[in-house]
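Enquirer: Let me begin by handing over the structure; questions about it come next.
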Number of protein chains: 4
Amino acid sequence: MDYPAILEDIFREVRPCCARGRVATYIPELAAVPPDRFGMAVHTVDGAVYGVGECAERFSVQSISKVFTLTLAMQLADEALWQRVGREPSGNPFNSLVQLEVENGKPRNPFINAGALVVTDVILARLADAKHTVRDFVRRLCGVDDIDFDLAVAHSEQRTGHRNKAMAHFLKSFGNLDGAPEVVLDAYFHHCSLAMSCRELCTAALFLANGGVVPASGDRVLSASQAKYVNSLLLTCGTYDAVGDFAYRVGLPGKSGVGGGILAVMPKRFSVCVWSPGLDEHGNSLAGTLALELFTTKTGISIF
Amino acid sequence: MDYPAILEDIFREVRPCCARGRVATYIPELAAVPPDRFGMAVHTVDGAVYGVGECAERFSVQSISKVFTLTLAMQLADEALWQRVGREPSGNPFNSLVQLEVENGKPRNPFINAGALVVTDVILARLADAKHTVRDFVRRLCGVDDIDFDLAVAHSEQRTGHRNKAMAHFLKSFGNLDGAPEVVLDAYFHHCSLAMSCRELCTAALFLANGGVVPASGDRVLSASQAKYVNSLLLTCGTYDAVGDFAYRVGLPGKSGVGGGILAVMPKRFSVCVWSPGLDEHGNSLAGTLALELFTTKTGISIF
Amino acid sequence: MDYPAILEDIFREVRPCCARGRVATYIPELAAVPPDRFGMAVHTVDGAVYGVGECAERFSVQSISKVFTLTLAMQLADEALWQRVGREPSGNPFNSLVQLEVENGKPRNPFINAGALVVTDVILARLADAKHTVRDFVRRLCGVDDIDFDLAVAHSEQRTGHRNKAMAHFLKSFGNLDGAPEVVLDAYFHHCSLAMSCRELCTAALFLANGGVVPASGDRVLSASQAKYVNSLLLTCGTYDAVGDFAYRVGLPGKSGVGGGILAVMPKRFSVCVWSPGLDEHGNSLAGTLALELFTTKTGISIF
Amino acid sequence: MDYPAILEDIFREVRPCCARGRVATYIPELAAVPPDRFGMAVHTVDGAVYGVGECAERFSVQSISKVFTLTLAMQLADEALWQRVGREPSGNPFNSLVQLEVENGKPRNPFINAGALVVTDVILARLADAKHTVRDFVRRLCGVDDIDFDLAVAHSEQRTGHRNKAMAHFLKSFGNLDGAPEVVLDAYFHHCSLAMSCRELCTAALFLANGGVVPASGDRVLSASQAKYVNSLLLTCGTYDAVGDFAYRVGLPGKSGVGGGILAVMPKRFSVCVWSPGLDEHGNSLAGTLALELFTTKTGISIF
């Protein structure tokens with residue numbers, strides 16, 4: 001497979017579409033990102049890395065962080081976690097409180113915000129310094145030491161994240177948070193503020209394409225069965241209210257963030273990450289989704 | 001009308017039922033109230049006051065305070081208020097977030113918790129010391145100087161009121177709170193913690209039976225039209241999810257609280273308040289509802 | 001009370017507003033009614049009748065028929081009926097299936113369409129010829145022999161009433177219809193198609209203002225308690241999603257229909273009916289609601 | 001891969017679990033099926049067929065028929081179809097009317113009942129004899145001439161399928177059915193009543209594992225892109241409210257039916273069908289799901 005050529009083709013085709021998406025504006029730090037950015041990187045399980053465009057530029061990973069907090073929580077408390085979070089697609093906008101009420105405070109899956117708050121709570125209850133453990137976990141997965149939180153982003157989220165705050169208190173009212181809502185939210189907002197590049201993200205997630213083991217080091221992050229589980233959750237729940245559309249068009253398990261990143265995995269083959277800050281109406285990167293669609297079309301590789 | 005005899009009859013009939021209700025247990029202060037308490041008082045527009053049982057014993061008024069905060073908010077900002085709160089029955093449990101989501105953050109009416117938070121916010125935005133103004137307003141209506149907040153109750157609510165906190169942040173996320181959620185909640189919890197007796201409550205609400213004017217002093221609290229408005233809201237929205245049942249059985253506009261009080265109004269005739277801490281499955285005082293039902297049956301007076 | 005002068009005043013004030021409402025268009029028979037019609041009639045419990053405008057012109061009573069089918073069903077099976085229909089306001093649009101699903105097929109009250117279908121089913125299960133018994137019951141209440149169904153209306157409803165059909169099958173799926181959905185719907189559509197004038201409607205409903213007894217004949221239709229019950233249901237559930245607004249503005253128990261009629265009751269005083277085919281956004285007659293509001297303002301009579 | 005040995009192992013392991021499921025009882029024909037049946041068959045894209053247990057015994061395919069009606073509708077009207085049906089998981093029980101109401105009559109996906117009714121309507125509008133065309137289409141895919149409807153099943157569904165009838169009328173009320181509800185329902189109930197064996201079903205669906213082409217004949221049923229689409233829909237929407245769970249445990253696109261069958265596809269490799277009439281709490285075959293889970297575990301083949 002000539003990945004470099006394929007990435008170049010995609011870059012050329014997709015770049016003009018970047019302007020059609022709408023950059024998230026709910027906090028100034030995201031609103032200020034130039035909409036014409038585009039980066040993409042692939043990391044194969046046999047160790048090759050390819051990139052194009054701004055693939056080394058860091059951006060706010062936002063909800064993509066949920067892949068890593070989920071992984072950590074599964075390491076710490078796999079069974080206990082699934083007592084408190086479901087694993088079914090939500091069929092509702094990603095921040096809906098309705099479902100939480102109807103289902104008595106058990107979030108549908110770990111990728112909607114309510115579910116990620118419970119995942120964060122699970123980590124907080126088991127680690128002395130959860131925030132930095134999450135950051136260090138990601139650093140270790142990438143082998144990059146200076147990955148860090150963007151504190152300006154984290155503080156902006158703190159100031160404006162009323163809906164997430166409502167969610168945390170609501171979970172607490174159902175007894176599905178052990179920690180104080182304020183503490184859980186603080187950790188959650190920090191995790192979302194991690195700044196990483198496409199290259200770093202696809203390297204960090206490569207264990208998911210490799211049965212739970214980091215190929216370079218041989219370190220086992222999750223069991224093969226757990227890795228398969230995360231991938232199936234990504235496919236059925238990873239892209240908000242556009243899960244079906246993403247599965248059809250891209251055909252890979254993936255996770256998107258409002259910062260414009262999308263991380264996807266082809267089991268046994270590669271991980272791939274794309275970034276373009278303009279979003280479509282579902283909150284997924286518009287040019288990013290298109291790029292991944294072209295990628296699976298051009299390579300002929302998808303899970304379906 | 002021989003009110004004393006009627007009240008005595010009701011007292012005798014209803015007292016044995018007090019044990020059948022369940023005292024609210026979500027905060028220790030309410031859980032500790034002896035379930036066999038029963039008091040009832042009537043205040044007629046021509047100035048007579050009748051009472052029976054523990055009619056002079058103070059209890060936690062809880063949601064009954066919403067009658068007084070609504071009145072104050074209507075004095076301060078009648079038009080602006082109704083832009084932000086509806087006036088229709090909710091058809092849902094009193095603390096549901098679902099409806100708020102479906103209706104974009106505009107609470108259905110001022111008597112559900114979400115609506116009362118907006119009412120509190122309206123007051124806070126217009127008064128330097130909202131908490132004490134509300135307390136002093138109630139003191140003045142009763143002509144009783146030592147009515148006050150029960151701070152133990154207010155603090156317990158602060159500690160456990162996660163659902164109300166969720167609601168406040170949710171309202172904020174829709175832009176329907178001007179103040180900080182924490183500040184609005186603090187005032188709200190204090191208002192709910194007011195400790196008053198049946199005698200005091202029916203005296204305080206007598207203006208609603210008298211076209212908006214306090215009979216004793218001639219002070220106008222609301223216009224005749226506003227008083228009629230509050231009464232119609234009490235009838236259609238005042239008793240949580242049991243509005244239809246209460247309208248049928250009692251046939252008076254009324255407001256209940258989880259402290260076990262129910263305050264009701266017969267326009268042009270009287271206000272009446274009953275207290276018994278045991279609640280029915282809708283959160284209304286069980287013996288209290290029964291007592292009011294007997295009262296309208298025995299007097300033959302109801303709005304229907 | 002100078003009712004004739006008051007009615008004349010209202011007629012003059014309200015007529016210009018008739019054009020602002022929107023006539024129901026879902027069936028051709030209703031769409032063809034001239035929007036400028038306006039009639040109003042009052043019948044006092046001591047026997048006087050007053051009218052203005054097209055108060056003797058017949059129109060399609062539609063949902064107002066639910067007052068009479070409910071009355072008949074209460075005569076036939078009061079207890080059994082309330083096992084199958086609730087008595088709380090719905091807080092949702094009048095033909096919502098959602099609530100029915102959430103509450104396992106028990107309609108919230110007898111005035112939403114689902115509830116009226118169950119009421120119809122209760123009648124059908126107990127009478128050989130339910131359709132004509134309902135018609136004859138209304139004839140007898142009015143003392144008018146030629147009141148009848150408008151078969152063109154009934155057939156149009158049959159053709160287009162897909163949502164009501166969905167509701168009937170849905171109720172059947174929950175086991176809350178004894179009869180075949182088709183048979184229940186046929187009766188229901190016929191009852192709704194009754195053509196009556198304002199004069200006839202207020203005469204027919206006068207027993208509700210008189211403790212359940214027809215004043216002229218002394219015939220008891222319902223017990224005093226049942227009549228009070230119907231009135232409280234009208235107030236809390238009679239005007240679709242505008243119950244609170246209607247209670248505030250008009251302050252009388254009332255029932256509206258999409259044909260533009262509104263029937264209301266002042267206990268111990270009178271029944272009143274108004275007709276103007278233009279509807280407001282809630283499906284209530286726009287000029288009709290306004291006329292009733294003026295009526296209670298000018299007479300100073302309302303239940304609040 | 002030693003499929004025969006794997007199937008034998010599964011048969012031995014799973015058979016004792018058959019008794020733990022609950023056979024569907026809503027119609028007598030399904031209730032009468034012995035709960036201890038178990039059959040399983042695999043058809044590889046290179047033409048080998050393997051089977052175990054009652055793999056040649058026919059059962060009621062029920063919702064599995066939706067795979068074939070969807071395929072036919074995509075052949076007839078791919079674009080027009082997706083205007084009227086979504087492609088996202090529902091996140092709700094499979095026969096919920098709520099979602100339909102909230103989303104204005106557009107079913108979430110073609111595999112929930114409402115969606116399948118629209119699919120049926122699309123076929124009916126384009127074919128003179130839709131019912132038999134569907135049957136003949138399935139016959140041709142299998143190369144088996146005597147596959148047919150079980151008329152006793154179809155008639156029982158007609159008699160008891162009130163919820164599906166409600167759905168059809170509801171879709172009609174939203175203008176999302178061209179045909180008469182009764183006609184669409186008749187075709188729908190017939191399609192669901194098809195009686196087929198595991199061997200026949202996996203043969204019929206083999207084109208989905210082979211890029212849209214029947215391997216034996218070379219006939220193209222769908223384009224490669226359409227086949228991929230159907231597979232992604234099966235994965236995200238094919239197993240009612242247990243999509244996430246099925247994706248995790250089995251890791252294959254699949255469709256279940258209340259008759260106890262489950263049909264699944266491994267792209268580029270094989271189709272597989274299992275049958276055991278006892279259902280789990282989601283309405284999926286209990287032993288069938290277990291058998292497929294063992295199959296992907298033992299073969300090490302899944303899409304994740």
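By order of appearance in the structure tokens: chains A, B, ..., then residues from 1 within every chain, and ligands from 1 in the order shown.
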Any chance you could fit chain D onto chain B with least squares, all Cα atoms in order, and share the moved copy as a compact mmCIF listing (two decimals) with C-alpha atoms, in the first residue's frame?

Expert:
```txt
# COMPACT_ATOMS: atom_id res chain seq x y z
CA MET D 1 -70.45 28.65 59.15
CA ASP D 2 -69.33 27.00 62.38
CA TYR D 3 -65.64 26.75 61.55
CA PRO D 4 -64.51 25.72 65.04
CA ALA D 5 -66.81 22.71 65.09
CA ILE D 6 -65.83 21.74 61.57
CA LEU D 7 -62.15 21.93 62.41
CA GLU D 8 -62.68 19.85 65.53
CA ASP D 9 -64.51 17.20 63.52
CA ILE D 10 -61.78 17.09 60.93
CA PHE D 11 -59.11 16.85 63.59
CA ARG D 12 -60.84 13.85 65.11
CA GLU D 13 -61.37 12.11 61.80
CA VAL D 14 -58.00 12.74 60.28
CA ARG D 15 -55.57 12.30 63.17
CA PRO D 16 -55.61 8.49 62.96
CA CYS D 17 -54.54 8.73 59.30
CA CYS D 18 -51.38 10.70 60.04
CA ALA D 19 -49.44 7.51 60.59
CA ARG D 20 -50.21 6.28 57.08
CA GLY D 21 -48.11 8.92 55.34
CA ARG D 22 -44.33 8.75 54.98
CA VAL D 23 -42.25 11.60 56.36
CA ALA D 24 -39.64 12.96 53.92
CA THR D 25 -36.26 11.46 54.74
CA TYR D 26 -33.83 13.02 52.30
CA ILE D 27 -32.47 15.37 54.96
CA PRO D 28 -32.16 14.52 58.67
CA GLU D 29 -34.04 17.61 59.83
CA LEU D 30 -37.22 16.57 58.01
CA ALA D 31 -36.79 12.90 58.86
CA ALA D 32 -36.76 13.79 62.56
CA VAL D 33 -40.21 15.41 62.59
CA PRO D 34 -42.70 13.23 64.53
CA PRO D 35 -45.20 11.81 62.03
CA ASP D 36 -48.22 12.28 64.28
CA ARG D 37 -48.28 16.07 64.14
CA PHE D 38 -51.41 17.67 62.78
CA GLY D 39 -52.40 21.32 62.69
CA MET D 40 -54.93 23.31 60.71
CA ALA D 41 -55.91 26.97 60.61
CA VAL D 42 -58.41 29.11 58.70
CA HIS D 43 -58.28 32.86 58.25
CA THR D 44 -61.40 34.47 56.78
CA VAL D 45 -61.28 37.68 54.76
CA ASP D 46 -63.34 39.40 57.42
CA GLY D 47 -60.63 38.76 59.95
CA ALA D 48 -61.57 35.70 61.95
CA VAL D 49 -58.92 33.09 62.64
CA TYR D 50 -59.63 29.53 63.72
CA GLY D 51 -57.21 26.77 64.51
CA VAL D 52 -56.97 23.23 65.72
CA GLY D 53 -54.19 20.85 66.78
CA GLU D 54 -50.58 21.97 66.32
CA CYS D 55 -51.71 24.98 64.32
CA ALA D 56 -49.18 27.22 66.04
CA GLU D 57 -46.22 24.88 65.69
CA ARG D 58 -43.70 25.88 63.08
CA PHE D 59 -42.56 23.48 60.37
CA SER D 60 -40.42 23.68 57.26
CA VAL D 61 -42.55 25.37 54.60
CA GLN D 62 -40.38 24.09 51.72
CA SER D 63 -42.18 24.56 48.39
CA ILE D 64 -44.95 26.64 49.94
CA SER D 65 -42.35 29.42 49.95
CA LYS D 66 -42.77 29.47 46.17
CA VAL D 67 -46.09 31.28 46.62
CA PHE D 68 -44.32 34.16 48.30
CA THR D 69 -41.26 34.31 46.04
CA LEU D 70 -43.57 34.26 43.02
CA THR D 71 -45.60 37.11 44.51
CA LEU D 72 -42.48 39.15 45.13
CA ALA D 73 -41.14 38.46 41.64
CA MET D 74 -44.47 39.56 40.15
CA GLN D 75 -44.20 42.80 42.09
CA LEU D 76 -40.69 43.34 40.79
CA ALA D 77 -40.93 42.20 37.19
CA ASP D 78 -44.23 40.75 36.09
CA GLU D 79 -43.70 40.94 32.33
CA ALA D 80 -40.04 39.92 32.31
CA LEU D 81 -40.81 36.95 34.53
CA TRP D 82 -43.29 35.38 32.12
CA GLN D 83 -40.80 35.57 29.29
CA ARG D 84 -38.71 33.09 31.22
CA VAL D 85 -41.25 30.82 32.93
CA GLY D 86 -44.39 29.24 31.49
CA ARG D 87 -47.76 28.89 33.15
CA GLU D 88 -48.91 25.45 32.16
CA PRO D 89 -49.12 22.28 34.24
CA SER D 90 -46.11 20.09 33.77
CA GLY D 91 -47.65 16.65 33.54
CA ASN D 92 -44.35 15.33 34.86
CA PRO D 93 -42.77 14.71 38.23
CA PHE D 94 -41.88 17.98 39.88
CA ASN D 95 -38.15 17.82 39.42
CA SER D 96 -37.94 16.49 35.89
CA LEU D 97 -35.11 17.70 33.71
CA VAL D 98 -36.61 16.14 30.63
CA GLN D 99 -39.19 18.81 30.06
CA LEU D 100 -36.61 21.51 30.53
CA GLU D 101 -34.53 19.97 27.78
CA VAL D 102 -37.40 19.53 25.38
CA GLU D 103 -38.58 23.08 25.98
CA ASN D 104 -35.16 24.69 25.76
CA GLY D 105 -34.69 25.67 29.35
CA LYS D 106 -38.01 27.44 29.92
CA PRO D 107 -39.63 25.83 32.95
CA ARG D 108 -43.29 24.98 32.52
CA ASN D 109 -44.48 26.97 35.54
CA PRO D 110 -43.16 28.79 38.60
CA PHE D 111 -44.06 26.03 41.05
CA ILE D 112 -41.87 23.25 39.73
CA ASN D 113 -38.34 23.50 41.10
CA ALA D 114 -36.82 24.74 37.86
CA GLY D 115 -39.41 27.50 37.66
CA ALA D 116 -38.84 28.51 41.26
CA LEU D 117 -35.11 28.79 40.57
CA VAL D 118 -35.83 31.23 37.75
CA VAL D 119 -38.23 33.15 40.02
CA THR D 120 -35.46 33.34 42.61
CA ASP D 121 -33.04 34.55 39.96
CA VAL D 122 -35.47 37.31 38.95
CA ILE D 123 -35.61 38.49 42.57
CA LEU D 124 -31.85 38.27 43.03
CA ALA D 125 -31.21 40.40 39.98
CA ARG D 126 -33.35 43.18 41.39
CA LEU D 127 -32.67 43.23 45.12
CA ALA D 128 -29.48 43.84 47.04
CA ASP D 129 -30.28 41.32 49.77
CA ALA D 130 -32.81 38.98 48.27
CA LYS D 131 -32.77 36.34 50.96
CA HIS D 132 -33.68 38.70 53.76
CA THR D 133 -36.11 40.67 51.64
CA VAL D 134 -38.07 37.49 51.06
CA ARG D 135 -38.02 36.69 54.77
CA ASP D 136 -39.02 40.23 55.71
CA PHE D 137 -41.80 40.20 53.11
CA VAL D 138 -43.29 37.10 54.73
CA ARG D 139 -42.84 38.57 58.21
CA ARG D 140 -44.71 41.69 57.15
CA LEU D 141 -47.56 39.68 55.56
CA CYS D 142 -48.01 37.81 58.84
CA GLY D 143 -47.26 40.63 61.18
CA VAL D 144 -44.85 38.32 62.97
CA ASP D 145 -41.29 39.45 63.54
CA ASP D 146 -39.44 36.29 64.41
CA ILE D 147 -40.18 34.14 61.37
CA ASP D 148 -36.83 32.97 60.10
CA PHE D 149 -34.83 30.47 58.06
CA ASP D 150 -33.94 27.17 59.65
CA LEU D 151 -30.25 27.21 58.81
CA ALA D 152 -29.75 23.53 59.61
CA VAL D 153 -32.37 22.71 56.97
CA ALA D 154 -30.85 25.12 54.45
CA HIS D 155 -27.40 23.62 54.92
CA SER D 156 -28.67 20.06 54.63
CA GLU D 157 -30.38 20.95 51.36
CA GLN D 158 -27.12 22.47 50.17
CA ARG D 159 -25.33 19.24 50.94
CA THR D 160 -27.80 16.87 49.33
CA GLY D 161 -29.63 18.89 46.70
CA HIS D 162 -27.74 17.50 43.73
CA ARG D 163 -30.77 17.42 41.54
CA ASN D 164 -31.57 21.05 42.20
CA LYS D 165 -27.94 21.88 41.53
CA ALA D 166 -28.13 20.00 38.23
CA MET D 167 -31.25 21.99 37.41
CA ALA D 168 -29.60 25.32 38.15
CA HIS D 169 -26.59 24.56 35.97
CA PHE D 170 -28.89 23.28 33.27
CA LEU D 171 -30.93 26.51 33.35
CA LYS D 172 -27.66 28.42 33.18
CA SER D 173 -26.62 26.41 30.12
CA PHE D 174 -29.80 27.59 28.42
CA GLY D 175 -29.10 31.19 29.43
CA ASN D 176 -32.13 31.25 31.71
CA LEU D 177 -30.27 32.26 34.88
CA ASP D 178 -28.61 35.66 35.23
CA GLY D 179 -26.89 34.91 38.50
CA ALA D 180 -24.33 32.25 39.30
CA PRO D 181 -26.04 28.88 39.94
CA GLU D 182 -24.42 28.66 43.37
CA VAL D 183 -25.85 32.02 44.45
CA VAL D 184 -29.33 31.27 43.15
CA LEU D 185 -29.31 27.88 44.86
CA ASP D 186 -28.21 29.40 48.14
CA ALA D 187 -31.15 31.81 48.13
CA TYR D 188 -33.53 29.09 46.97
CA PHE D 189 -32.53 26.67 49.71
CA HIS D 190 -32.90 29.42 52.31
CA HIS D 191 -36.39 30.38 51.15
CA CYS D 192 -37.45 26.74 51.34
CA SER D 193 -36.12 26.49 54.88
CA LEU D 194 -38.46 29.14 56.30
CA ALA D 195 -40.15 27.80 59.45
CA MET D 196 -43.76 28.90 59.86
CA SER D 197 -46.95 27.64 61.47
CA CYS D 198 -50.32 26.98 59.87
CA ARG D 199 -51.68 30.16 61.46
CA GLU D 200 -48.82 32.21 60.07
CA LEU D 201 -49.05 30.72 56.61
CA CYS D 202 -52.76 31.28 56.17
CA THR D 203 -52.44 34.82 57.45
CA ALA D 204 -49.56 35.47 55.05
CA ALA D 205 -51.57 34.23 52.07
CA LEU D 206 -54.86 35.90 52.92
CA PHE D 207 -54.32 38.63 50.29
CA LEU D 208 -54.81 35.93 47.63
CA ALA D 209 -58.35 35.35 48.91
CA ASN D 210 -58.98 39.09 48.97
CA GLY D 211 -58.19 40.34 45.46
CA GLY D 212 -54.55 41.06 46.25
CA VAL D 213 -55.14 43.23 49.31
CA VAL D 214 -54.23 42.36 52.91
CA PRO D 215 -57.64 42.74 54.63
CA ALA D 216 -56.33 43.94 57.99
CA SER D 217 -54.10 46.71 56.71
CA GLY D 218 -55.61 47.48 53.34
CA ASP D 219 -52.14 47.09 51.80
CA ARG D 220 -52.21 46.06 48.18
CA VAL D 221 -49.75 43.22 47.52
CA LEU D 222 -50.83 42.34 43.99
CA SER D 223 -53.41 43.73 41.60
CA ALA D 224 -56.76 41.93 41.59
CA SER D 225 -55.86 40.47 38.22
CA GLN D 226 -52.48 39.24 39.46
CA ALA D 227 -54.06 37.64 42.54
CA LYS D 228 -56.52 35.82 40.31
CA TYR D 229 -53.57 34.73 38.21
CA VAL D 230 -51.69 33.27 41.16
CA ASN D 231 -54.82 31.40 42.23
CA SER D 232 -55.31 29.89 38.80
CA LEU D 233 -51.64 28.84 38.74
CA LEU D 234 -52.03 27.25 42.16
CA LEU D 235 -54.98 25.26 40.93
CA THR D 236 -53.37 24.06 37.72
CA CYS D 237 -49.78 23.69 38.93
CA GLY D 238 -49.57 23.83 42.73
CA THR D 239 -49.57 20.21 43.80
CA TYR D 240 -46.90 18.51 41.74
CA ASP D 241 -48.10 15.53 39.79
CA ALA D 242 -51.45 15.37 41.61
CA VAL D 243 -52.99 18.58 40.34
CA GLY D 244 -56.05 16.90 38.88
CA ASP D 245 -56.59 14.73 41.90
CA PHE D 246 -56.26 17.69 44.28
CA ALA D 247 -58.58 19.83 42.18
CA TYR D 248 -61.18 17.10 42.27
CA ARG D 249 -60.89 16.11 45.91
CA VAL D 250 -60.28 19.53 47.44
CA GLY D 251 -61.47 21.94 44.78
CA LEU D 252 -59.32 24.85 45.96
CA PRO D 253 -56.16 26.46 44.59
CA GLY D 254 -53.36 25.19 46.80
CA LYS D 255 -49.62 24.71 47.27
CA SER D 256 -47.98 21.84 49.08
CA GLY D 257 -44.48 21.33 50.45
CA VAL D 258 -42.49 18.22 51.40
CA GLY D 259 -42.45 19.48 54.98
CA GLY D 260 -46.08 18.34 55.08
CA GLY D 261 -47.79 21.69 54.78
CA ILE D 262 -50.55 22.61 52.33
CA LEU D 263 -51.78 26.15 51.89
CA ALA D 264 -55.05 26.74 50.04
CA VAL D 265 -57.24 29.69 49.12
CA MET D 266 -60.97 30.15 48.60
CA PRO D 267 -61.34 33.42 46.69
CA LYS D 268 -63.47 36.01 48.51
CA ARG D 269 -63.79 33.74 51.56
CA PHE D 270 -60.70 32.49 53.35
CA SER D 271 -57.25 31.02 53.28
CA VAL D 272 -56.62 27.71 54.97
CA CYS D 273 -53.46 25.87 55.94
CA VAL D 274 -52.96 22.34 57.14
CA TRP D 275 -49.86 20.50 58.30
CA SER D 276 -49.12 16.85 58.79
CA PRO D 277 -45.64 15.59 57.90
CA GLY D 278 -46.55 12.21 56.42
CA LEU D 279 -46.63 12.37 52.62
CA ASP D 280 -48.52 10.41 49.98
CA GLU D 281 -46.91 8.97 46.84
CA HIS D 282 -47.07 12.35 45.07
CA GLY D 283 -45.19 14.17 47.84
CA ASN D 284 -48.30 15.89 49.23
CA SER D 285 -49.30 15.59 52.89
CA LEU D 286 -51.56 12.57 53.11
CA ALA D 287 -53.59 13.63 56.15
CA GLY D 288 -53.40 17.24 54.99
CA THR D 289 -55.05 16.50 51.66
CA LEU D 290 -57.67 14.46 53.43
CA ALA D 291 -58.34 17.28 55.90
CA LEU D 292 -58.82 19.81 53.11
CA GLU D 293 -61.11 17.43 51.28
CA LEU D 294 -63.23 17.09 54.39
CA PHE D 295 -63.15 20.84 54.86
CA THR D 296 -64.64 21.60 51.45
CA THR D 297 -67.12 18.76 51.82
CA LYS D 298 -68.30 19.85 55.27
CA THR D 299 -68.44 23.56 54.44
CA GLY D 300 -69.88 22.93 51.01
CA ILE D 301 -67.46 25.58 49.76
CA SER D 302 -65.19 24.99 46.78
CA ILE D 303 -64.57 26.75 43.51
CA PHE D 304 -66.35 24.02 41.52
```

Enquirer: Once DSSP has gone over the backbone, tell me which residues of segment 187-270 of chain B are in strand (DSSP E), as a ChimeraX atom specification.

Expert: /B:194-196,254-256,261-266,270

Enquirer: Among the residues of segment 133-298 of chain A, find those DSSP assigns to helix (DSSP H, G or I) from the backbone and print them as an NGL selection string.

Expert: :A and (133-142 or 151-160 or 162-173 or 181-192 or 198-204 or 206-209 or 224-237 or 240-249 or 286-298)
